[in-house]
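Participant: Next comes the structure file protein.cif, holding mmCIF, C-alpha atoms.
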data_target
#
loop_
_atom_site.label_atom_id
_atom_site.label_comp_id
_atom_site.auth_asym_id
_atom_site.auth_seq_id
_atom_site.Cartn_x
_atom_site.Cartn_y
_atom_site.Cartn_z
CA MET T 213 0.00 0.00 0.00
CA MET T 214 1.49 3.32 -1.11
CA PRO T 215 1.46 6.21 1.34
CA PRO T 216 -1.22 8.72 0.27
CA ARG T 217 1.34 11.43 -0.48
CA LEU T 218 3.28 9.14 -2.82
CA ALA T 219 0.05 8.03 -4.43
CA ALA T 220 -0.92 11.67 -5.04
CA ILE T 221 2.46 12.35 -6.65
CA ALA T 222 2.17 9.23 -8.80
CA GLN T 223 -1.32 10.25 -9.86
CA GLY T 224 -0.03 13.72 -10.72
CA LEU T 225 2.76 12.26 -12.83
CA CYS T 226 0.33 10.04 -14.70
CA LEU T 227 -1.86 13.04 -15.45
CA LEU T 228 1.12 15.03 -16.67
CA LEU T 229 2.15 12.14 -18.89
CA TYR T 230 -1.42 11.93 -20.17
CA ALA T 231 -1.36 15.68 -20.89
CA ALA T 232 1.99 15.31 -22.63
CA LEU T 233 0.57 12.60 -24.86
CA CYS T 234 -2.53 14.65 -25.60
CA HIS T 235 -0.33 17.52 -26.68
CA ALA T 236 1.00 15.44 -29.53
CA GLN T 237 -2.49 14.73 -30.78
CA PRO T 238 -3.24 16.36 -34.13
CA ALA T 239 -6.38 18.30 -34.98
CA PRO T 240 -9.44 16.05 -35.24
CA ASP T 241 -9.25 14.00 -38.41
CA GLY T 242 -12.75 15.06 -39.36
CA ASP T 243 -14.07 16.86 -42.38
CA SER T 244 -15.42 20.32 -41.67
CA LEU T 245 -17.79 20.27 -44.66
CA ARG T 246 -19.33 16.98 -43.53
CA GLY T 247 -19.34 18.49 -40.04
CA LYS T 248 -21.42 21.42 -41.19
CA ALA T 249 -23.96 19.04 -42.71
CA ALA T 250 -24.00 16.99 -39.50
CA ILE T 251 -24.57 20.13 -37.40
CA GLU T 252 -27.68 20.84 -39.47
CA ARG T 253 -28.80 17.22 -39.22
CA TYR T 254 -28.49 17.09 -35.41
CA GLY T 255 -30.16 20.49 -35.05
CA CYS T 256 -27.38 22.05 -32.97
CA ALA T 257 -28.53 25.52 -34.05
CA ALA T 258 -31.80 25.03 -32.18
CA CYS T 259 -29.86 25.98 -29.05
CA HIS T 260 -26.56 27.57 -30.18
CA VAL T 261 -25.78 30.46 -32.47
CA ILE T 262 -23.23 28.90 -34.85
CA PRO T 263 -21.58 31.09 -37.50
CA GLY T 264 -22.36 29.73 -40.96
CA ILE T 265 -25.41 27.75 -39.81
CA PRO T 266 -28.94 29.09 -40.42
CA ASN T 267 -31.15 30.03 -37.46
CA PRO T 268 -28.87 32.64 -35.93
CA HIS T 269 -31.16 33.68 -33.07
CA SER T 270 -31.03 30.71 -30.72
CA LYS T 271 -30.74 31.87 -27.13
CA VAL T 272 -30.75 28.64 -25.19
CA ALA T 273 -27.03 28.04 -24.86
CA PRO T 274 -23.92 30.14 -25.47
CA PRO T 275 -22.98 31.10 -29.02
CA LEU T 276 -20.29 28.90 -30.54
CA THR T 277 -18.49 31.82 -32.18
CA LYS T 278 -14.72 31.45 -31.75
CA THR T 279 -15.01 27.92 -30.37
CA GLY T 280 -11.65 27.26 -32.05
CA THR T 281 -9.87 29.55 -29.59
CA ARG T 282 -12.01 28.97 -26.48
CA ALA T 283 -10.01 27.67 -23.50
CA TYR T 284 -12.70 25.39 -22.03
CA ILE T 285 -15.47 23.25 -23.44
CA ALA T 286 -18.73 23.81 -21.52
CA GLY T 287 -16.62 25.30 -18.76
CA VAL T 288 -15.49 21.87 -17.61
CA LEU T 289 -13.01 20.36 -20.09
CA ALA T 290 -9.83 21.79 -21.58
CA ASN T 291 -10.48 22.50 -25.24
CA THR T 292 -8.51 19.76 -26.96
CA PRO T 293 -9.73 17.85 -30.04
CA ALA T 294 -10.03 14.62 -28.07
CA ASN T 295 -12.06 16.33 -25.34
CA MET T 296 -14.30 17.99 -27.93
CA VAL T 297 -15.16 14.63 -29.46
CA ARG T 298 -15.76 13.19 -25.98
CA TRP T 299 -18.09 16.08 -25.10
CA LEU T 300 -20.05 15.97 -28.37
CA ARG T 301 -20.65 12.23 -28.09
CA ASP T 302 -22.21 12.33 -24.63
CA PRO T 303 -22.26 15.63 -22.69
CA PRO T 304 -24.07 14.33 -19.57
CA ALA T 305 -21.42 11.62 -19.22
CA VAL T 306 -18.88 14.43 -18.76
CA ASP T 307 -21.00 16.78 -16.66
CA PRO T 308 -24.17 15.21 -15.26
CA LEU T 309 -25.61 18.66 -14.58
CA THR T 310 -25.43 19.96 -18.12
CA ALA T 311 -28.56 20.94 -20.02
CA MET T 312 -26.98 19.68 -23.24
CA PRO T 313 -28.50 16.28 -24.04
CA ASP T 314 -26.87 13.19 -25.45
CA MET T 315 -27.85 13.53 -29.11
CA GLY T 316 -26.52 10.10 -30.06
CA VAL T 317 -23.74 11.66 -32.12
CA THR T 318 -21.58 8.99 -33.76
CA GLU T 319 -17.79 9.02 -33.41
CA GLN T 320 -17.31 10.04 -37.06
CA ASP T 321 -19.96 12.76 -36.88
CA ALA T 322 -18.37 14.08 -33.68
CA ARG T 323 -14.98 14.30 -35.41
CA ASP T 324 -16.53 16.09 -38.38
CA ILE T 325 -18.50 18.49 -36.17
CA ALA T 326 -15.37 19.21 -34.12
CA ALA T 327 -13.50 19.93 -37.36
CA TYR T 328 -16.17 22.47 -38.29
CA LEU T 329 -16.22 24.07 -34.84
CA TYR T 330 -12.43 24.46 -34.96
CA THR T 331 -12.78 26.58 -38.11
CA LEU T 332 -14.60 29.15 -35.92
CA ARG T 333 -11.71 31.31 -34.70
CA MET I 16 6.14 79.52 -44.85
CA LYS I 17 7.49 81.39 -41.90
CA TYR I 18 3.92 82.07 -40.76
CA TYR I 19 3.03 78.37 -40.78
CA LEU I 20 6.19 77.48 -38.93
CA ARG I 21 5.43 80.04 -36.26
CA ALA I 22 1.80 78.83 -35.99
CA PHE I 23 3.07 75.26 -35.67
CA ILE I 24 5.46 76.18 -32.88
CA VAL I 25 2.72 78.09 -31.03
CA LEU I 26 0.39 75.08 -31.32
CA LEU I 27 3.13 72.80 -30.05
CA LEU I 28 3.76 75.05 -27.06
CA LEU I 29 0.02 75.22 -26.34
CA ALA I 30 -0.23 71.44 -26.44
CA ALA I 31 2.73 71.10 -24.10
CA ALA I 32 1.18 73.68 -21.75
CA ALA I 33 -2.15 71.81 -21.80
CA ALA I 34 -0.36 68.54 -21.04
CA ALA I 35 1.58 70.17 -18.21
CA ALA I 36 -1.64 71.70 -16.82
CA LEU I 37 -3.34 68.29 -16.93
CA VAL I 38 -0.45 66.69 -15.08
CA TYR I 39 -0.12 69.52 -12.53
CA SER I 40 -3.84 69.80 -11.82
CA GLY I 41 -3.88 66.17 -10.70
CA ILE I 42 -7.27 65.50 -12.25
CA TYR I 43 -6.04 62.47 -14.19
CA PRO I 44 -7.54 59.43 -12.43
CA ILE I 45 -4.63 57.27 -11.30
CA ASP I 46 -6.79 55.07 -9.03
CA ALA I 47 -6.89 51.33 -9.69
CA ALA I 48 -10.61 51.18 -8.98
CA SER I 49 -11.48 52.64 -12.36
CA ALA I 50 -10.51 50.89 -15.58
CA HIS I 51 -8.48 52.54 -18.35
CA PRO I 52 -10.68 54.29 -20.89
CA MET I 53 -11.29 51.91 -23.81
CA PRO I 54 -9.05 53.66 -26.44
CA LEU I 55 -6.18 54.10 -23.97
CA TYR I 56 -6.47 50.44 -22.95
CA HIS I 57 -6.10 49.32 -26.54
CA ILE I 58 -3.18 51.68 -27.26
CA LEU I 59 -1.32 50.48 -24.14
CA HIS I 60 -2.08 46.84 -24.83
CA TYR I 61 -0.98 47.08 -28.45
CA THR I 62 2.22 48.89 -27.41
CA MET I 63 2.93 46.09 -24.94
CA ARG I 64 2.33 43.33 -27.51
CA ARG I 65 4.54 45.05 -30.12
CA SER I 66 7.30 45.64 -27.60
CA VAL I 67 7.29 42.05 -26.36
CA ALA I 68 7.35 40.74 -29.94
CA HIS I 69 10.20 43.09 -30.87
CA HIS I 70 12.37 42.40 -27.85
CA SER I 71 11.91 38.63 -27.88
CA GLN I 72 13.23 38.27 -31.40
CA GLY I 73 16.06 35.80 -31.70
CA ILE I 74 15.15 33.83 -28.56
CA SER I 75 14.85 30.15 -29.41
CA PRO I 76 13.07 27.94 -26.91
CA PRO I 77 14.49 24.64 -25.70
CA ARG I 78 12.38 21.46 -25.86
CA LEU I 79 9.37 22.27 -23.72
CA ASP I 80 7.36 19.02 -23.77
CA ASP I 81 9.71 17.44 -21.28
CA THR I 82 8.08 15.90 -18.22
CA THR I 83 10.82 16.97 -15.79
CA ARG I 84 10.64 20.52 -17.07
CA VAL I 85 6.83 20.62 -16.86
CA ARG I 86 6.91 19.23 -13.32
CA SER I 87 9.43 21.84 -12.17
CA GLY I 88 7.37 24.52 -13.95
CA LEU I 89 4.24 23.39 -12.10
CA ALA I 90 6.02 23.76 -8.74
CA LEU I 91 7.25 27.25 -9.66
CA TYR I 92 3.85 28.24 -11.05
CA ARG I 93 2.15 27.26 -7.79
CA GLU I 94 4.76 29.16 -5.81
CA TYR I 95 4.91 32.40 -7.78
CA CYS I 96 2.26 32.70 -10.50
CA VAL I 97 -1.12 31.33 -9.43
CA GLN I 98 -1.63 34.13 -6.87
CA CYS I 99 -2.20 36.64 -9.67
CA HIS I 100 -2.93 34.61 -12.79
CA GLY I 101 -5.04 31.82 -11.32
CA ALA I 102 -5.15 28.34 -12.84
CA PRO I 103 -7.86 26.05 -14.24
CA GLY I 104 -10.68 26.37 -11.70
CA ILE I 105 -8.51 28.43 -9.30
CA ALA I 106 -9.23 32.12 -8.67
CA PRO I 107 -6.41 34.63 -8.28
CA ASP I 108 -5.84 35.79 -4.71
CA PRO I 109 -7.69 38.87 -3.42
CA LEU I 110 -4.62 41.07 -3.85
CA ALA I 111 -4.69 40.42 -7.60
CA ARG I 112 -8.37 41.16 -8.02
CA GLY I 113 -7.98 44.89 -7.46
CA MET I 114 -5.13 45.39 -9.93
CA THR I 115 -5.26 47.66 -12.95
CA PRO I 116 -4.36 46.42 -15.48
CA GLU I 117 -5.88 43.06 -14.53
CA PRO I 118 -3.44 40.14 -14.43
CA PRO I 119 -4.45 38.05 -17.44
CA ASN I 120 -5.70 34.49 -17.39
CA LEU I 121 -2.89 32.58 -19.11
CA MET I 122 -4.92 30.05 -21.08
CA PRO I 123 -5.26 32.44 -24.08
CA THR I 124 -1.64 33.53 -23.63
CA ALA I 125 -0.53 29.91 -23.92
CA ARG I 126 -2.54 29.59 -27.11
CA GLY I 127 -1.75 32.93 -28.67
CA TRP I 128 1.80 33.89 -27.66
CA PRO I 129 4.93 32.13 -28.96
CA PRO I 130 6.94 30.52 -26.10
CA SER I 131 9.81 32.98 -26.70
CA GLU I 132 7.48 35.91 -25.92
CA ILE I 133 6.12 34.26 -22.75
CA TYR I 134 9.73 33.63 -21.68
CA TRP I 135 10.69 37.24 -22.32
CA ALA I 136 7.67 38.63 -20.45
CA ILE I 137 8.40 36.47 -17.39
CA ARG I 138 12.11 37.25 -17.46
CA GLN I 139 11.89 41.00 -18.04
CA GLY I 140 8.49 41.80 -16.52
CA ILE I 141 6.08 44.40 -17.91
CA LYS I 142 6.36 48.04 -16.92
CA MET I 143 3.33 49.77 -15.38
CA THR I 144 1.73 46.42 -14.64
CA ALA I 145 2.34 44.33 -11.54
CA MET I 146 4.39 41.82 -13.57
CA PRO I 147 7.88 41.74 -12.04
CA ALA I 148 11.15 40.96 -13.80
CA TRP I 149 11.74 37.38 -12.66
CA ARG I 150 15.30 37.25 -14.02
CA TYR I 151 16.46 38.51 -10.64
CA ARG I 152 14.55 35.77 -8.83
CA LEU I 153 14.68 32.74 -11.14
CA SER I 154 17.33 31.19 -13.37
CA ASP I 155 16.75 31.17 -17.12
CA GLU I 156 16.22 27.41 -16.96
CA GLN I 157 13.57 27.85 -14.28
CA ILE I 158 11.85 30.48 -16.42
CA TRP I 159 11.73 28.01 -19.33
CA ASP I 160 10.24 25.47 -16.90
CA VAL I 161 7.42 27.91 -16.15
CA VAL I 162 6.89 28.48 -19.88
CA ALA I 163 6.73 24.70 -20.35
CA PHE I 164 4.05 24.39 -17.68
CA VAL I 165 2.01 27.31 -19.05
CA GLU I 166 2.05 25.61 -22.46
CA LYS I 167 0.82 22.42 -20.81
CA MET I 168 -1.76 24.12 -18.60
CA ARG I 169 -4.04 24.90 -21.49
CA GLU I 170 -4.73 21.18 -21.81
CA LEU I 171 -5.64 20.70 -18.17
CA SER I 172 -9.27 20.64 -17.14
CA PRO I 173 -10.02 22.04 -13.66
CA GLN I 174 -10.25 18.50 -12.32
CA GLU I 175 -6.87 17.57 -13.79
CA TYR I 176 -5.23 20.68 -12.39
CA LYS I 177 -6.69 20.04 -8.96
CA ALA I 178 -5.27 16.51 -9.04
CA LEU I 179 -1.82 18.01 -9.63
CA ASP I 180 -2.20 20.76 -7.08
CA ASN I 181 -1.46 19.32 -3.67
CA THR I 182 -0.75 22.66 -2.00
CA GLY I 183 -4.27 23.00 -0.70
CA ARG I 184 -4.68 26.25 -2.58
CA ASN I 185 -7.80 24.85 -4.20
CA THR I 186 -9.52 24.23 -0.91
CA PRO I 187 -11.12 27.40 0.39
CA ARG I 188 -8.95 28.98 3.05
CA PRO I 189 -10.53 29.67 6.41
CA SER I 190 -11.94 33.16 6.37
CA ALA I 191 -14.61 35.05 8.22
CA PRO I 192 -17.88 33.15 7.71
CA ARG I 193 -19.95 34.90 5.12
CA ALA I 194 -23.37 36.03 6.15
CA PRO I 195 -26.11 34.42 4.10
CA TRP I 196 -27.43 36.63 1.34
CA SER I 197 -30.96 37.87 1.60
CA PRO I 198 -33.20 35.66 -0.50
CA GLY I 199 -34.71 36.66 -3.79
CA GLY I 200 -33.37 37.85 -7.08
CA GLN I 201 -33.39 41.55 -6.45
CA LEU I 202 -31.06 43.28 -8.88
CA GLY I 203 -28.85 46.27 -8.13
CA ASP I 204 -27.48 49.16 -10.12
CA PRO I 205 -26.09 48.29 -13.57
CA ALA I 206 -23.65 51.25 -13.54
CA ALA I 207 -22.17 50.08 -10.23
CA GLY I 208 -22.08 46.56 -11.70
CA LEU I 209 -20.01 47.77 -14.63
CA ARG I 210 -17.43 49.14 -12.17
CA ALA I 211 -17.53 46.04 -9.97
CA ILE I 212 -16.96 43.68 -12.92
CA HIS I 213 -13.50 45.24 -13.22
CA GLN I 214 -12.77 44.38 -9.57
CA TYR I 215 -13.51 40.66 -9.90
CA LEU I 216 -11.45 40.01 -13.04
CA CYS I 217 -14.56 38.87 -14.98
CA ALA I 218 -13.14 40.20 -18.25
CA THR I 219 -9.93 38.20 -17.93
CA CYS I 220 -12.00 35.18 -18.99
CA HIS I 221 -15.17 36.48 -20.65
CA LYS I 222 -15.79 38.91 -23.45
CA ILE I 223 -18.21 41.40 -21.90
CA PRO I 224 -19.68 44.18 -24.02
CA GLY I 225 -18.84 47.58 -22.52
CA ILE I 226 -15.75 46.37 -20.63
CA ALA I 227 -12.28 47.34 -21.84
CA GLY I 228 -10.41 44.09 -22.28
CA GLU I 229 -8.89 41.74 -24.74
CA ASP I 230 -12.12 39.93 -25.62
CA GLN I 231 -10.80 36.93 -23.74
CA ASN I 232 -12.19 33.60 -24.81
CA VAL I 233 -11.57 31.45 -21.75
CA GLY I 234 -15.27 31.17 -20.97
CA PRO I 235 -18.06 32.04 -23.38
CA SER I 236 -18.83 35.59 -24.44
CA LEU I 237 -21.43 37.19 -22.19
CA ALA I 238 -22.95 39.12 -25.09
CA GLY I 239 -26.64 38.25 -25.01
CA ILE I 240 -26.48 36.68 -21.53
CA GLY I 241 -29.57 38.69 -20.58
CA GLN I 242 -31.63 36.59 -22.97
CA ARG I 243 -29.84 33.27 -22.72
CA GLN I 244 -31.96 30.45 -21.35
CA TYR I 245 -29.34 28.72 -19.23
CA ILE I 246 -26.54 29.95 -16.98
CA ALA I 247 -23.33 27.97 -17.51
CA GLY I 248 -25.44 25.28 -19.18
CA VAL I 249 -26.70 24.08 -15.82
CA LEU I 250 -29.19 26.59 -14.33
CA ARG I 251 -32.30 28.23 -15.72
CA ASN I 252 -31.50 31.88 -16.27
CA THR I 253 -33.44 33.70 -13.55
CA PRO I 254 -32.08 36.59 -11.46
CA GLU I 255 -32.18 34.36 -8.39
CA ASN I 256 -30.15 31.63 -10.12
CA MET I 257 -27.74 34.21 -11.54
CA LEU I 258 -26.98 35.40 -8.01
CA ARG I 259 -26.61 31.83 -6.82
CA TRP I 260 -24.14 31.16 -9.64
CA LEU I 261 -22.16 34.37 -9.14
CA ARG I 262 -21.87 33.73 -5.42
CA ASP I 263 -20.26 30.31 -5.73
CA PRO I 264 -20.07 28.60 -9.14
CA PRO I 265 -18.41 25.36 -7.95
CA ALA I 266 -21.15 24.93 -5.34
CA VAL I 267 -23.60 24.72 -8.26
CA ASP I 268 -21.44 22.66 -10.60
CA PRO I 269 -18.35 21.09 -8.97
CA LEU I 270 -16.80 20.54 -12.40
CA THR I 271 -16.85 24.16 -13.53
CA ALA I 272 -13.67 26.06 -14.34
CA MET I 273 -15.26 29.25 -13.00
CA PRO I 274 -13.92 29.76 -9.49
CA ASN I 275 -15.57 31.35 -6.51
CA LEU I 276 -14.47 34.99 -6.72
CA ARG I 277 -15.96 35.84 -3.32
CA LEU I 278 -18.30 38.50 -4.55
CA ARG I 279 -19.92 40.72 -1.97
CA GLU I 280 -23.70 40.53 -2.05
CA GLN I 281 -24.26 44.08 -3.29
CA ASP I 282 -21.57 43.71 -5.96
CA ALA I 283 -23.19 40.50 -7.16
CA ARG I 284 -26.60 42.20 -7.40
CA ASP I 285 -25.03 45.11 -9.30
CA ILE I 286 -23.09 42.82 -11.64
CA ALA I 287 -26.20 40.73 -12.33
CA ALA I 288 -28.10 43.95 -13.09
CA TYR I 289 -25.41 44.88 -15.64
CA LEU I 290 -25.44 41.39 -17.18
CA TYR I 291 -29.20 41.63 -17.68
CA THR I 292 -28.65 44.72 -19.83
CA LEU I 293 -26.71 42.56 -22.32
CA ASN I 294 -29.42 41.42 -24.69
CA GLU I 295 -27.56 41.64 -27.95
CA ALA I 296 -26.09 38.27 -29.03
CA PRO I 297 -22.72 38.55 -30.82
#
Rewrite the coordinates I just gave you, this time as structure tokens.

Facilitator:
Amino acid sequence: MMPPRLAAIAQGLCLLLYAALCHAQPAPDGDSLRGKAAIERYGCAACHVIPGIPNPHSKVAPPLTKTGTRAYIAGVLANTPANMVRWLRDPPAVDPLTAMPDMGVTEQDARDIAAYLYTLR
Amino acid sequence: MKYYLRAFIVLLLLAAAAAAALVYSGIYPIDAASAHPMPLYHILHYTMRRSVAHHSQGISPPRLDDTTRVRSGLALYREYCVQCHGAPGIAPDPLARGMTPEPPNLMPTARGWPPSEIYWAIRQGIKMTAMPAWRYRLSDEQIWDVVAFVEKMRELSPQEYKALDNTGRNTPRPSAPRAPWSPGGQLGDPAAGLRAIHQYLCATCHKIPGIAGEDQNVGPSLAGIGQRQYIAGVLRNTPENMLRWLRDPPAVDPLTAMPNLRLREQDARDIAAYLYTLNEAP
């Protein structure tokens, strides 16, 4: 049994290593054009203002303008491509309190949508 | 020709006299409680950015994605930087909240500034801000360690940062118990709210219409917040909920990156009143 202090340090190191690996991860290998189509299909603009997507007056959730340079996703995850895909696929699994529902977004659609969102800078 | 030259010299002297009168009269507001006027803010900020870019030319960073370096940078960051700049989910200390200019949140800096410029700014400091020249306190290698951690920090969620931070800084320090706020969603004075927003560093993370700042994109823009249906994606947007959120965001959503900024009740009511004037989506 590791002393708690050592365990905390080990956990910290693991996280740092994880972050270091994430850093190397390239932009999502999605297609922003397909992403735009998917955004319309899933009806994201019913809640968010999204530049380039019709229905620019949604006031439910924050506008997604400049999502490409935002520091956090939904205020809870660091904005990395991997985290964006994770969030899009199942938001309540990340933050059980969120009003954003699980829309059943597939892995490929999530990558494509992320690719589109990252064009918003 | 001679006439124009003489007129020019007279104008120059008048301008100098006006400047001297302004300085001598003492009416220029030097207090930190009021923000810089918007145009002056942008001139100063642009001057700073140009100067940092110019002076950091020719600096080439070492390898920064090195675990030892990042770990040392984390220790230094916790010791010297988090007090003013905060960290994911961690508010700057009270002393930093009253500063003008406001100490920036470093997530956008990590994204937007080249490492050589971050290194230069840490090493040399920034005049007329509270940023000291760390070259007299830290070795160049240590400064690169801090740069390495800042680069890494942008990939840390609040939960991940808290797991790394074993200093206890993330647990609220004992302070005088705060009296409960009177119930209800009564709003205050929007004009006072506009001033108070500057005192709680709101604009170091959010773009807020009417506030001089860099249009920071750490959290979402608050343009249109008056009409938005949810607060932070987790609460229905009512004045009562807005006050609840402003008072202690992590008490509402433990995962949020927005820290408790220890707003006073009246300031919160004033700030909420200002936010409810923002009805124009971006």

Participant: Please enumerate the residues selected by the PyMOL selection byres ((chain I) within 6 of (chain T)) when evaluated against the supplied file, formatted as a list in words.

Facilitator: Glu170, Leu171, Ser172, Leu179, Asn232, Val233, Arg243, Gln244, Gly248, Val249, Leu270, Thr271 and Ala272 of chain I

Participant: Residues of the last selection are to be written out with C-alpha atoms, as a PDB file, keeping the file's coordinate frame.

Facilitator:
ATOM      1  CA  GLU I 170      -4.730  21.180 -21.810  1.00  0.00           C
ATOM      2  CA  LEU I 171      -5.640  20.700 -18.170  1.00  0.00           C
ATOM      3  CA  SER I 172      -9.270  20.640 -17.140  1.00  0.00           C
ATOM      4  CA  LEU I 179      -1.820  18.010  -9.630  1.00  0.00           C
ATOM      5  CA  ASN I 232     -12.190  33.600 -24.810  1.00  0.00           C
ATOM      6  CA  VAL I 233     -11.570  31.450 -21.750  1.00  0.00           C
ATOM      7  CA  ARG I 243     -29.840  33.270 -22.720  1.00  0.00           C
ATOM      8  CA  GLN I 244     -31.960  30.450 -21.350  1.00  0.00           C
ATOM      9  CA  GLY I 248     -25.440  25.280 -19.180  1.00  0.00           C
ATOM     10  CA  VAL I 249     -26.700  24.080 -15.820  1.00  0.00           C
ATOM     11  CA  LEU I 270     -16.800  20.540 -12.400  1.00  0.00           C
ATOM     12  CA  THR I 271     -16.850  24.160 -13.530  1.00  0.00           C
ATOM     13  CA  ALA I 272     -13.670  26.060 -14.340  1.00  0.00           C
TER      14      ALA I 272
END

Participant: Once the PyMOL selection byres ((chain T and resi 253) around 12) has been evaluated on this model, what residues remain selected, and can you format them as a count of residues only?

Facilitator: 19

Participant: Emit as lines of an AutoDock Vina configuration file the padded axis-aligned box for all listed atoms of range 273-289 of chain I, 5 Å per side, with centre and edge lengths in Å to one decimal.

Facilitator:
center_x = -21.0
center_y = 37.2
center_z = -8.8
size_x = 24.2
size_y = 25.9
size_z = 23.7

Participant: Hey, can you check how far CA of Gly234 in chain I sits from CA of Arg193 in chain I?

Facilitator: 26.8 Å

Participant: With all atoms listed in the file as the counted atoms, please give the residues lying no more than 12 Å from Trp128 in chain I, apart from itself and same-chain residues fewer than 3 positions off, as a list in words.

Facilitator: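 In the requested form, the answer reads Arg64, Arg65, Val67, Ala68, Ser71, Leu121, Met122, Pro123, Thr124, Ala125, Ser131, Glu132, Ile133, Tyr134, Trp135, Ala136, Val162, Val165 and Glu166 of chain I.
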
Participant: Save the residues we just selected, C-alpha atoms, as a compact mmCIF listing (two decimals), keeping the file's coordinate frame?

Facilitator:
# COMPACT_ATOMS: atom_id res chain seq x y z
CA ARG I 64 2.33 43.33 -27.51
CA ARG I 65 4.54 45.05 -30.12
CA VAL I 67 7.29 42.05 -26.36
CA ALA I 68 7.35 40.74 -29.94
CA SER I 71 11.91 38.63 -27.88
CA LEU I 121 -2.89 32.58 -19.11
CA MET I 122 -4.92 30.05 -21.08
CA PRO I 123 -5.26 32.44 -24.08
CA THR I 124 -1.64 33.53 -23.63
CA ALA I 125 -0.53 29.91 -23.92
CA SER I 131 9.81 32.98 -26.70
CA GLU I 132 7.48 35.91 -25.92
CA ILE I 133 6.12 34.26 -22.75
CA TYR I 134 9.73 33.63 -21.68
CA TRP I 135 10.69 37.24 -22.32
CA ALA I 136 7.67 38.63 -20.45
CA VAL I 162 6.89 28.48 -19.88
CA VAL I 165 2.01 27.31 -19.05
CA GLU I 166 2.05 25.61 -22.46

Participant: For a test of reading the model, state the distance in Å between CA of Lys177 in chain I and CA of Met146 in chain I, rounded to one decimal.

Facilitator: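 Going from CA of Lys177 in chain I over to CA of Met146 in chain I, I get 24.9 Å.
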
Participant: Write out as JSON, numbers by chain which residues come within 7 Å of Leu300 in chain T when counting only C-alpha atoms, dropping same-chain ones fewer than 3 positions away.

Facilitator: {"T": [296, 297, 303, 317, 322]}

Participant: Identify, on the basis of all atoms listed in the file, every residue whose closest approach to range 153-155 of chain I does not exceed 12 Å; exclude the query and any residue fewer than 4 positions from it along the same chain; express the result as a list of chain:residue names.

Facilitator: I:Ile74, I:Pro76, I:Pro77, I:Gly88, I:Leu91, I:Tyr92, I:Glu94, I:Tyr95, I:Ser131, I:Tyr134, I:Trp135, I:Ile137, I:Arg138, I:Gln139, I:Pro147, I:Ala148, I:Trp149, I:Trp159, I:Asp160, I:Val161, I:Val162

Participant: Could you spell out the hits of the PyMOL selection byres ((chain I and resi 85) around 6) on the shown file, as a list of chain:residue names?

Facilitator: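 Output from the PyMOL selection byres ((chain I and resi 85) around 6), applied to this file: I:Thr82, I:Thr83, I:Arg84, I:Arg86, I:Ser87, I:Gly88, I:Asp160, I:Ala163, I:Phe164.
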
Participant: Would you export the selected residues with C-alpha atoms as a short mmCIF file (atom, residue, chain, number, x, y, z; two decimals), keeping the file's coordinate frame, please?

Facilitator:
data_model
loop_
_atom_site.label_atom_id
_atom_site.label_comp_id
_atom_site.auth_asym_id
_atom_site.auth_seq_id
_atom_site.Cartn_x
_atom_site.Cartn_y
_atom_site.Cartn_z
CA THR I 82 8.08 15.90 -18.22
CA THR I 83 10.82 16.97 -15.79
CA ARG I 84 10.64 20.52 -17.07
CA ARG I 86 6.91 19.23 -13.32
CA SER I 87 9.43 21.84 -12.17
CA GLY I 88 7.37 24.52 -13.95
CA ASP I 160 10.24 25.47 -16.90
CA ALA I 163 6.73 24.70 -20.35
CA PHE I 164 4.05 24.39 -17.68
#

Participant: Would you mind reading off the distance between CA of Ile158 in chain I and CA of Pro293 in chain T, one decimal, in Å?

Facilitator: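 Computing the Euclidean distance for CA of Ile158 in chain I and CA of Pro293 in chain T yields 28.5 Å.
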
Participant: Considering only C-alpha atoms, state which residue in the set I:Arg279, I:Lys222, I:His213, I:Lys142 is at the smallest distance from His60 in chain I.

Facilitator: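 Looking only at the distances to His60 in chain I, the closest residue turns out to be I:Lys142.
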